[in-house]
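Colleague: If it helps, the file is called query36.tsv and holds TSV, C-alpha atoms and all ligand atoms:
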```tsv
chain	number	residue	atom	x	y	z
M	1459	MET	CA	28.11	26.94	5.59
M	1460	SER	CA	26.34	23.71	6.29
M	1461	GLY	CA	23.95	24.15	3.34
M	1462	ASP	CA	20.36	23.06	3.07
M	1463	PRO	CA	19.36	21.28	6.29
M	1464	THR	CA	16.70	19.28	4.43
M	1465	ALA	CA	19.46	17.62	2.42
M	1466	GLU	CA	20.65	15.91	5.59
M	1467	SER	CA	17.25	14.82	6.84
M	1468	PRO	CA	15.04	14.13	3.84
M	1469	GLY	CA	11.37	14.83	4.49
M	1470	PRO	CA	8.59	12.25	4.43
M	1471	VAL	CA	7.94	10.48	1.12
M	1472	LEU	CA	4.22	11.00	1.71
M	1473	THR	CA	2.48	13.63	3.81
M	1474	ILE	CA	-1.29	13.82	3.91
M	1475	LYS	CA	-2.95	16.69	5.80
M	1476	ASP	CA	-6.64	17.17	6.58
M	1477	LEU	CA	-7.64	15.12	3.57
M	1478	GLN	CA	-11.31	15.10	2.63
M	1479	VAL	CA	-12.75	13.04	-0.19
M	1480	HIS	CA	-16.38	13.15	-1.26
M	1481	TYR	CA	-18.18	10.84	-3.65
M	1482	GLY	CA	-21.45	11.43	-5.47
M	1483	LEU	CA	-23.31	14.55	-6.48
M	1484	ARG	CA	-25.92	16.71	-4.73
M	1485	ARG	CA	-28.12	14.61	-2.46
M	1486	ARG	CA	-26.00	11.53	-3.07
M	1487	ARG	CA	-22.84	13.37	-2.08
M	1488	HIS	CA	-21.15	11.76	0.89
M	1489	ARG	CA	-17.83	12.10	2.61
M	1490	ALA	CA	-15.57	9.05	2.44
M	1491	LEU	CA	-12.62	10.67	4.23
M	1492	ARG	CA	-12.81	13.43	6.81
M	1493	GLY	CA	-9.72	15.26	7.99
M	1494	VAL	CA	-7.23	12.43	7.57
M	1495	SER	CA	-3.59	13.30	8.31
M	1496	LEU	CA	-0.79	10.79	7.91
M	1497	SER	CA	2.85	10.71	6.90
M	1498	VAL	CA	5.31	8.07	5.77
M	1499	ALA	CA	9.03	8.66	6.35
M	1500	PRO	CA	11.67	7.28	3.96
M	1501	GLY	CA	12.03	3.56	4.54
M	1502	GLU	CA	9.12	3.43	6.97
M	1503	THR	CA	6.21	0.98	6.79
M	1504	VAL	CA	2.89	2.48	7.85
M	1505	GLY	CA	-0.09	0.17	8.17
M	1506	VAL	CA	-3.63	1.46	7.71
M	1507	ILE	CA	-6.34	-0.78	9.09
M	1508	GLY	CA	-10.10	-0.52	9.24
M	1509	GLU	CA	-13.18	-2.50	8.32
M	1510	THR	CA	-14.71	-2.60	4.85
M	1511	GLY	CA	-16.10	0.79	3.89
M	1512	SER	CA	-13.92	2.75	6.33
M	1513	GLY	CA	-12.21	4.61	3.48
M	1514	LYS	CA	-8.93	2.71	3.08
M	1515	SER	CA	-9.05	2.33	-0.69
M	1516	THR	CA	-10.17	5.94	-1.03
M	1517	LEU	CA	-7.03	6.98	0.83
M	1518	ALA	CA	-4.89	4.85	-1.52
M	1519	ARG	CA	-6.68	6.21	-4.60
M	1520	ALA	CA	-6.21	9.82	-3.46
M	1521	ALA	CA	-2.49	9.29	-2.85
M	1522	LEU	CA	-2.18	7.73	-6.32
M	1523	GLY	CA	-4.15	10.46	-8.08
M	1524	LEU	CA	-7.07	8.18	-8.95
M	1525	VAL	CA	-9.61	10.24	-7.01
M	1526	ARG	CA	-9.52	13.99	-6.47
M	1527	PRO	CA	-9.63	15.29	-2.89
M	1528	SER	CA	-12.26	17.91	-2.05
M	1529	ALA	CA	-9.93	19.46	0.53
M	1530	GLY	CA	-6.57	18.94	2.15
M	1531	SER	CA	-3.02	18.44	1.04
M	1532	ILE	CA	-1.06	15.47	-0.33
M	1533	VAL	CA	2.69	15.81	-0.74
M	1534	VAL	CA	4.46	12.97	-2.59
M	1535	ASP	CA	8.25	13.07	-2.55
M	1536	GLY	CA	8.21	16.84	-1.97
M	1537	GLU	CA	5.53	17.71	-4.53
M	1538	GLU	CA	2.04	18.97	-3.67
M	1539	VAL	CA	-0.09	16.70	-5.82
M	1540	SER	CA	-3.63	17.34	-4.55
M	1541	SER	CA	-4.37	19.78	-7.38
M	1542	PHE	CA	-2.46	17.85	-10.06
M	1543	GLY	CA	-4.22	17.31	-13.37
M	1544	THR	CA	-3.98	14.14	-15.48
M	1545	ARG	CA	-0.84	15.26	-17.28
M	1546	GLN	CA	1.05	16.12	-14.10
M	1547	TRP	CA	0.07	12.79	-12.56
M	1548	ARG	CA	1.27	10.96	-15.66
M	1549	ALA	CA	4.64	12.75	-15.44
M	1550	LEU	CA	4.97	11.88	-11.75
M	1551	ARG	CA	4.06	8.22	-12.36
M	1552	ARG	CA	6.61	7.98	-15.17
M	1553	LYS	CA	9.37	8.88	-12.74
M	1554	GLY	CA	8.58	5.64	-10.94
M	1555	VAL	CA	9.04	7.05	-7.41
M	1556	LEU	CA	5.53	6.00	-6.44
M	1557	GLN	CA	4.17	2.51	-7.19
M	1558	TYR	CA	1.18	0.44	-6.13
M	1559	VAL	CA	-0.08	-3.08	-5.59
M	1560	PHE	CA	-3.82	-3.78	-5.42
M	1561	GLN	CA	-5.74	-6.71	-3.97
M	1562	ASP	CA	-6.45	-8.07	-7.43
M	1563	PRO	CA	-3.17	-8.46	-9.35
M	1564	LEU	CA	-5.13	-8.25	-12.59
M	1565	ARG	CA	-5.61	-4.56	-11.78
M	1566	SER	CA	-1.84	-4.02	-11.59
M	1567	LEU	CA	-0.95	-6.41	-14.47
M	1568	ASP	CA	-2.32	-6.02	-18.00
M	1569	PRO	CA	-4.03	-9.36	-18.83
M	1570	ASP	CA	-2.88	-9.11	-22.47
M	1571	LEU	CA	0.81	-8.55	-21.70
M	1572	THR	CA	3.32	-11.26	-20.85
M	1573	ILE	CA	4.83	-11.03	-17.38
M	1574	GLU	CA	8.08	-9.83	-18.97
M	1575	ALA	CA	6.31	-7.02	-20.84
M	1576	SER	CA	4.33	-5.99	-17.74
M	1577	LEU	CA	7.46	-5.84	-15.62
M	1578	ALA	CA	9.51	-4.00	-18.25
M	1579	GLU	CA	6.81	-1.40	-18.96
M	1580	PRO	CA	7.45	0.96	-15.99
M	1581	LEU	CA	11.20	0.85	-16.75
M	1582	LEU	CA	10.71	1.69	-20.42
M	1583	LEU	CA	8.38	4.55	-19.41
M	1584	ALA	CA	11.08	5.86	-17.09
M	1585	GLY	CA	13.54	5.87	-20.00
M	1586	ALA	CA	15.44	2.58	-19.69
M	1587	THR	CA	16.65	0.77	-22.84
M	1588	ARG	CA	15.21	-2.66	-23.68
M	1589	GLU	CA	18.46	-4.34	-22.57
M	1590	GLU	CA	18.54	-2.46	-19.27
M	1591	ALA	CA	14.88	-3.30	-18.67
M	1592	ALA	CA	15.40	-7.01	-19.43
M	1593	ALA	CA	18.33	-7.22	-17.01
M	1594	ARG	CA	16.50	-5.34	-14.29
M	1595	VAL	CA	13.36	-7.46	-14.64
M	1596	ARG	CA	15.42	-10.63	-14.15
M	1597	ALA	CA	17.15	-9.19	-11.09
M	1598	PHE	CA	13.82	-8.38	-9.47
M	1599	LEU	CA	12.25	-11.75	-10.24
M	1600	THR	CA	14.51	-13.46	-7.73
M	1601	ARG	CA	13.57	-10.89	-5.09
M	1602	VAL	CA	9.97	-12.06	-5.29
M	1603	ARG	CA	10.99	-15.70	-5.72
M	1604	LEU	CA	9.76	-16.13	-9.27
M	1605	THR	CA	11.67	-17.94	-11.99
M	1606	GLU	CA	12.54	-16.83	-15.52
M	1607	ASP	CA	10.39	-19.47	-17.17
M	1608	LEU	CA	7.32	-17.44	-16.09
M	1609	LEU	CA	8.37	-14.39	-18.11
M	1610	ASP	CA	6.74	-15.57	-21.36
M	1611	ARG	CA	3.40	-16.27	-19.72
M	1612	LEU	CA	0.25	-14.20	-19.48
M	1613	PRO	CA	-1.07	-13.34	-15.98
M	1614	SER	CA	-3.90	-15.84	-16.49
M	1615	GLU	CA	-1.29	-18.60	-16.83
M	1616	LEU	CA	0.05	-18.00	-13.31
M	1617	SER	CA	-1.32	-19.05	-9.93
M	1618	GLY	CA	-2.89	-16.34	-7.75
M	1619	GLY	CA	0.18	-16.24	-5.53
M	1620	GLN	CA	2.61	-16.02	-8.47
M	1621	ARG	CA	0.49	-13.27	-10.00
M	1622	GLN	CA	0.59	-11.17	-6.87
M	1623	ARG	CA	4.36	-11.67	-6.60
M	1624	ALA	CA	4.67	-10.52	-10.22
M	1625	ALA	CA	2.58	-7.44	-9.33
M	1626	VAL	CA	4.94	-6.75	-6.41
M	1627	ALA	CA	7.95	-7.15	-8.75
M	1628	ARG	CA	6.35	-4.70	-11.19
M	1629	ALA	CA	5.96	-2.20	-8.36
M	1630	LEU	CA	9.62	-2.58	-7.43
M	1631	VAL	CA	11.53	-2.50	-10.71
M	1632	THR	CA	11.75	1.29	-10.83
M	1633	GLU	CA	13.15	1.29	-7.27
M	1634	PRO	CA	10.34	3.50	-5.98
M	1635	ARG	CA	10.63	5.49	-2.77
M	1636	LEU	CA	7.08	4.57	-1.81
M	1637	VAL	CA	4.83	1.61	-2.59
M	1638	ILE	CA	1.13	1.80	-1.73
M	1639	LEU	CA	-0.33	-1.67	-1.18
M	1640	ASP	CA	-4.13	-1.91	-0.91
M	1641	GLU	CA	-5.11	-5.30	0.58
M	1642	PRO	CA	-2.14	-7.02	-1.09
M	1643	VAL	CA	-2.67	-10.33	0.70
M	1644	SER	CA	-6.42	-10.38	1.24
M	1645	ALA	CA	-7.20	-12.57	-1.79
M	1646	LEU	CA	-4.44	-15.08	-1.07
M	1647	ASP	CA	-4.45	-18.37	0.80
M	1648	SER	CA	-2.39	-18.51	3.96
M	1649	ALA	CA	0.79	-19.97	2.40
M	1650	ASN	CA	0.88	-17.28	-0.28
M	1651	ARG	CA	0.00	-14.62	2.29
M	1652	VAL	CA	3.00	-15.57	4.40
M	1653	HIS	CA	5.15	-15.56	1.26
M	1654	ILE	CA	4.15	-11.99	0.31
M	1655	LEU	CA	4.45	-10.76	3.92
M	1656	ASP	CA	8.02	-12.13	4.02
M	1657	ILE	CA	8.81	-10.28	0.79
M	1658	LEU	CA	7.35	-7.07	2.28
M	1659	LYS	CA	9.54	-7.48	5.38
M	1660	GLU	CA	12.59	-7.78	3.14
M	1661	LEU	CA	11.56	-4.63	1.28
M	1662	ARG	CA	11.28	-2.79	4.53
M	1663	ALA	CA	14.78	-3.97	5.41
M	1664	ASP	CA	15.95	-2.65	2.03
M	1665	GLY	CA	14.61	0.82	2.87
M	1666	VAL	CA	11.54	1.06	0.62
M	1667	ALA	CA	8.72	3.02	2.28
M	1668	LEU	CA	5.42	1.15	2.33
M	1669	LEU	CA	1.85	2.23	2.95
M	1670	PHE	CA	0.28	-1.12	3.71
M	1671	ILE	CA	-3.52	-1.07	3.75
M	1672	SER	CA	-5.54	-3.99	5.07
M	1673	HIS	CA	-8.77	-4.85	6.87
M	1674	ASP	CA	-6.72	-7.50	8.65
M	1675	LEU	CA	-4.66	-6.28	11.56
M	1676	GLY	CA	-2.91	-9.65	11.72
M	1677	SER	CA	-1.37	-9.15	8.29
M	1678	VAL	CA	-0.17	-5.63	9.05
M	1679	ALA	CA	1.04	-6.14	12.62
M	1680	GLY	CA	4.22	-8.05	11.79
M	1681	VAL	CA	5.33	-5.69	9.00
M	1682	ALA	CA	4.39	-2.13	10.02
M	1683	ASP	CA	6.47	0.29	12.08
M	1684	ARG	CA	3.41	2.42	12.74
M	1685	ILE	CA	-0.29	1.65	12.44
M	1686	ALA	CA	-3.13	4.07	11.74
M	1687	VAL	CA	-6.73	3.02	12.35
M	1688	LEU	CA	-9.49	4.30	10.04
M	1689	TYR	CA	-13.08	4.26	11.19
M	1690	ARG	CA	-15.87	5.67	9.04
M	1691	GLY	CA	-13.49	7.92	7.14
M	1692	GLU	CA	-11.64	9.24	10.19
M	1693	LEU	CA	-8.32	8.27	11.71
M	1694	VAL	CA	-9.22	7.33	15.26
M	1695	GLU	CA	-5.81	6.12	16.40
M	1696	ALA	CA	-2.22	6.14	15.16
M	1697	GLY	CA	0.98	5.12	16.83
M	1698	ALA	CA	3.88	2.68	16.97
M	1699	ALA	CA	2.61	-0.73	15.83
M	1700	ARG	CA	3.62	-2.22	19.16
M	1701	ASP	CA	1.59	0.33	21.14
M	1702	VAL	CA	-1.49	0.11	18.93
M	1703	VAL	CA	-1.57	-3.67	19.28
M	1704	ASN	CA	-0.52	-3.95	22.92
M	1705	ALA	CA	-2.25	-0.89	24.34
M	1706	PRO	CA	-4.99	0.27	21.95
M	1707	ARG	CA	-6.53	3.53	23.10
M	1708	HIS	CA	-9.63	3.66	20.96
M	1709	ALA	CA	-12.51	1.26	21.52
M	1710	TYR	CA	-12.69	0.56	17.79
M	1711	THR	CA	-9.05	-0.55	17.76
M	1712	ARG	CA	-9.79	-2.86	20.68
M	1713	LEU	CA	-12.64	-4.30	18.69
M	1714	LEU	CA	-10.38	-4.85	15.68
M	1715	LEU	CA	-7.90	-6.57	17.96
M	1716	SER	CA	-10.51	-8.81	19.52
M	1717	SER	CA	-11.66	-9.96	16.11
M	1718	ALA	CA	-8.21	-10.30	14.52
M	1719	PRO	CA	-6.77	-11.93	12.51
M	1720	THR	CA	-9.82	-11.79	10.29
M	1721	LEU	CA	-12.40	-9.11	10.95
M	1722	HIS	CA	-15.19	-10.99	9.31
M	1723	SER	CA	-14.70	-14.29	11.07
M	1724	ALA	CA	-15.71	-15.24	14.60
M	1725	PRO	CA	-13.67	-13.53	17.32
M	1726	VAL	CA	-10.50	-15.40	18.17
M	1727	GLY	CA	-9.54	-16.71	21.56
M	1728	ARG	CA	-6.87	-15.59	23.93
M	1729	ALA	CA	-4.21	-17.99	22.60
M	1730	GLU	CA	-4.50	-16.67	19.07
M	1731	ARG	CA	-4.42	-13.10	20.29
M	1732	GLU	CA	-1.20	-13.86	22.15
M	1733	ALA	CA	0.19	-15.34	18.95
M	1734	LEU	CA	-0.71	-12.13	17.13
M	1735	ARG	CA	1.07	-10.04	19.74
M	1736	ALA	CA	4.09	-12.33	19.46
M	1737	LEU	CA	4.34	-11.32	15.82
M	1738	LEU	CA	5.35	-7.86	16.98
M	1739	ARG	CA	8.35	-9.18	18.84
M	1740	THR	CA	9.85	-10.98	15.85
M	1801	LIG	P1	-12.54	0.41	2.12
M	1801	LIG	O1	-11.44	0.31	1.13
M	1801	LIG	O2	-12.07	0.69	3.52
M	1801	LIG	O3	-13.44	-0.77	2.10
M	1801	LIG	P2	-13.59	2.51	0.41
M	1801	LIG	O4	-12.58	3.58	0.41
M	1801	LIG	O5	-13.65	1.60	-0.75
M	1801	LIG	O6	-13.45	1.68	1.77
M	1801	LIG	O7	-15.03	3.16	0.60
M	1801	LIG	C1	-15.28	4.18	1.56
M	1801	LIG	C2	-16.71	4.70	1.39
M	1801	LIG	O8	-16.84	5.37	0.13
M	1801	LIG	C3	-17.76	3.62	1.40
M	1801	LIG	O9	-18.91	4.12	2.01
M	1801	LIG	C4	-18.00	3.35	-0.08
M	1801	LIG	O10	-19.29	2.88	-0.29
M	1801	LIG	C5	-17.81	4.72	-0.68
M	1801	LIG	N1	-17.29	4.66	-2.07
M	1801	LIG	C6	-16.14	4.07	-2.45
M	1801	LIG	N2	-15.92	4.21	-3.78
M	1801	LIG	C7	-16.99	4.92	-4.24
M	1801	LIG	C8	-17.38	5.41	-5.54
M	1801	LIG	N3	-16.60	5.20	-6.60
M	1801	LIG	N4	-18.54	6.10	-5.62
M	1801	LIG	C9	-19.31	6.32	-4.54
M	1801	LIG	N5	-19.00	5.90	-3.30
M	1801	LIG	C10	-17.86	5.21	-3.15
M	1802	MG	MG	-10.77	-1.29	-0.05
```
Spit out the file's structure as structure tokens when you get a sec.
Modeller:
Amino acid sequence: MSGDPTAESPGPVLTIKDLQVHYGLRRRRHRALRGVSLSVAPGETVGVIGETGSGKSTLARAALGLVRPSAGSIVVDGEEVSSFGTRQWRALRRKGVLQYVFQDPLRSLDPDLTIEASLAEPLLLAGATREEAAARVRAFLTRVRLTEDLLDRLPSELSGGQRQRAAVARALVTEPRLVILDEPVSALDSANRVHILDILKELRADGVALLFISHDLGSVAGVADRIAVLYRGELVEAGAARDVVNAPRHAYTRLLLSSAPTLHSAPVGRAEREALRALLRT
């Protein structure tokens, strides 16, 4: 007998089906996500792009259990989590299979904890000893190109770029199967942005699945295997990153492309667009 076929081909680490999220009550009730379906396979990087207000953070919050869906299904690492209560979410988070990085590292790092304590915390929650945690924290520091002398500092004593790299290290120490990154590079200057994007590419090479959310197609294009485009709470296009960038089917995607790399700046010229496309070939 060959046994359980799913053992040979593990399912997606995240599967979202027909997700709806509403905010507000009664007359103020409005739908932030309508019928969104998306999956992330083990080791895959899926980019989600869309302008401000399109529902990107709502999608991240729903997948992390920070907002409750009004309909639809969310399966994380084989578990249907859409109806999870606080206690079940806490138990799932403790396992460390699902981690997150937000735009503002001060949301992922406790301002009152040293970098060492912040990085060790998820390991201690998952049951590691202090010694194991200390060793693991040091091993992951080098992966995000931080040095040990930063371990005694508070987040406020680091530069913005160092802080975000510490937040990425914190998300990695438990060796999660999936990391959800909501605008991880949007608050950084270009040198630090490149730095974090390089680290994300290495993660992808190491087989960590990433859901990489950004308003900036340029940031996502060089990292993602697939790209999904959110527009007013709906997925209007999804496909291989190469196809979405080179042959966008939806007019909104074409608009995003024409205004990349930064949606809120003036549209870029042909040369820059070519440079963006070249990213996909590297
Ligand atoms: P994005 O991350 O793409 O900018 P969001 O997911 O933050 O978009 O927001 C999607 C929509 O939901 C927007 O119209 C926003 O105003 C609304 N929204 C987001 N958070 C809340 C909230 N806590 N309460 C009410 N409305 C919200
Ligand atoms: Mg957002």
Colleague: Nearest residue to ligand MG 1802 (chain M) out of M:Leu1639, M:Ala1624, M:Val1539, M:Leu1608, using only C-alpha atoms and all ligand atoms?
Modeller: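 Going through M:Leu1639, M:Ala1624, M:Val1539, M:Leu1608 one by one, the smallest distance to ligand MG 1802 (chain M) is for M:Leu1639.
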Colleague: Can you work out which residues are within 9 Å of ligand MG 1802 (chain M), considering all atoms listed in the file, and then hand them over as number ranges by chain?
Modeller: M: 1509-1516, 1518, 1561, 1640-1641, 1671-1673
Colleague: Keeping only C-alpha atoms, write those residues as a CSV table (one decimal), in the frame of the given file.
Modeller:
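Result file selection.csv:
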```
chain,number,residue,atom,x,y,z
M,1509,GLU,CA,-13.2,-2.5,8.3
M,1510,THR,CA,-14.7,-2.6,4.8
M,1511,GLY,CA,-16.1,0.8,3.9
M,1512,SER,CA,-13.9,2.8,6.3
M,1513,GLY,CA,-12.2,4.6,3.5
M,1514,LYS,CA,-8.9,2.7,3.1
M,1515,SER,CA,-9.0,2.3,-0.7
M,1516,THR,CA,-10.2,5.9,-1.0
M,1518,ALA,CA,-4.9,4.8,-1.5
M,1561,GLN,CA,-5.7,-6.7,-4.0
M,1640,ASP,CA,-4.1,-1.9,-0.9
M,1641,GLU,CA,-5.1,-5.3,0.6
M,1671,ILE,CA,-3.5,-1.1,3.8
M,1672,SER,CA,-5.5,-4.0,5.1
M,1673,HIS,CA,-8.8,-4.8,6.9
```
Colleague: Using 5 Å of padding on each side, determine the axis-aligned box around all atoms of ligand LIG 1801 (chain M) present in the file and give its centre and edge lengths in Å to one decimal, as lines of an AutoDock Vina configuration file.
Modeller:
```
center_x = -15.4
center_y = 2.8
center_z = -1.5
size_x = 17.9
size_y = 17.1
size_z = 20.1
```
Colleague: Which residue is closest to Leu1477 in chain M? Choose from M:Ala1597, M:Ala1591, M:Leu1693, M:Ile1685 and count all atoms listed in the file.
Modeller: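 Looking at the shortest contact to Leu1477 in chain M, the residue is M:Leu1693.
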Colleague: Which one is closest to Arg1662 in chain M: M:Val1504, M:Val1643, M:Leu1491, M:Leu1556? Count all atoms listed in the file.
Modeller: M:Val1504
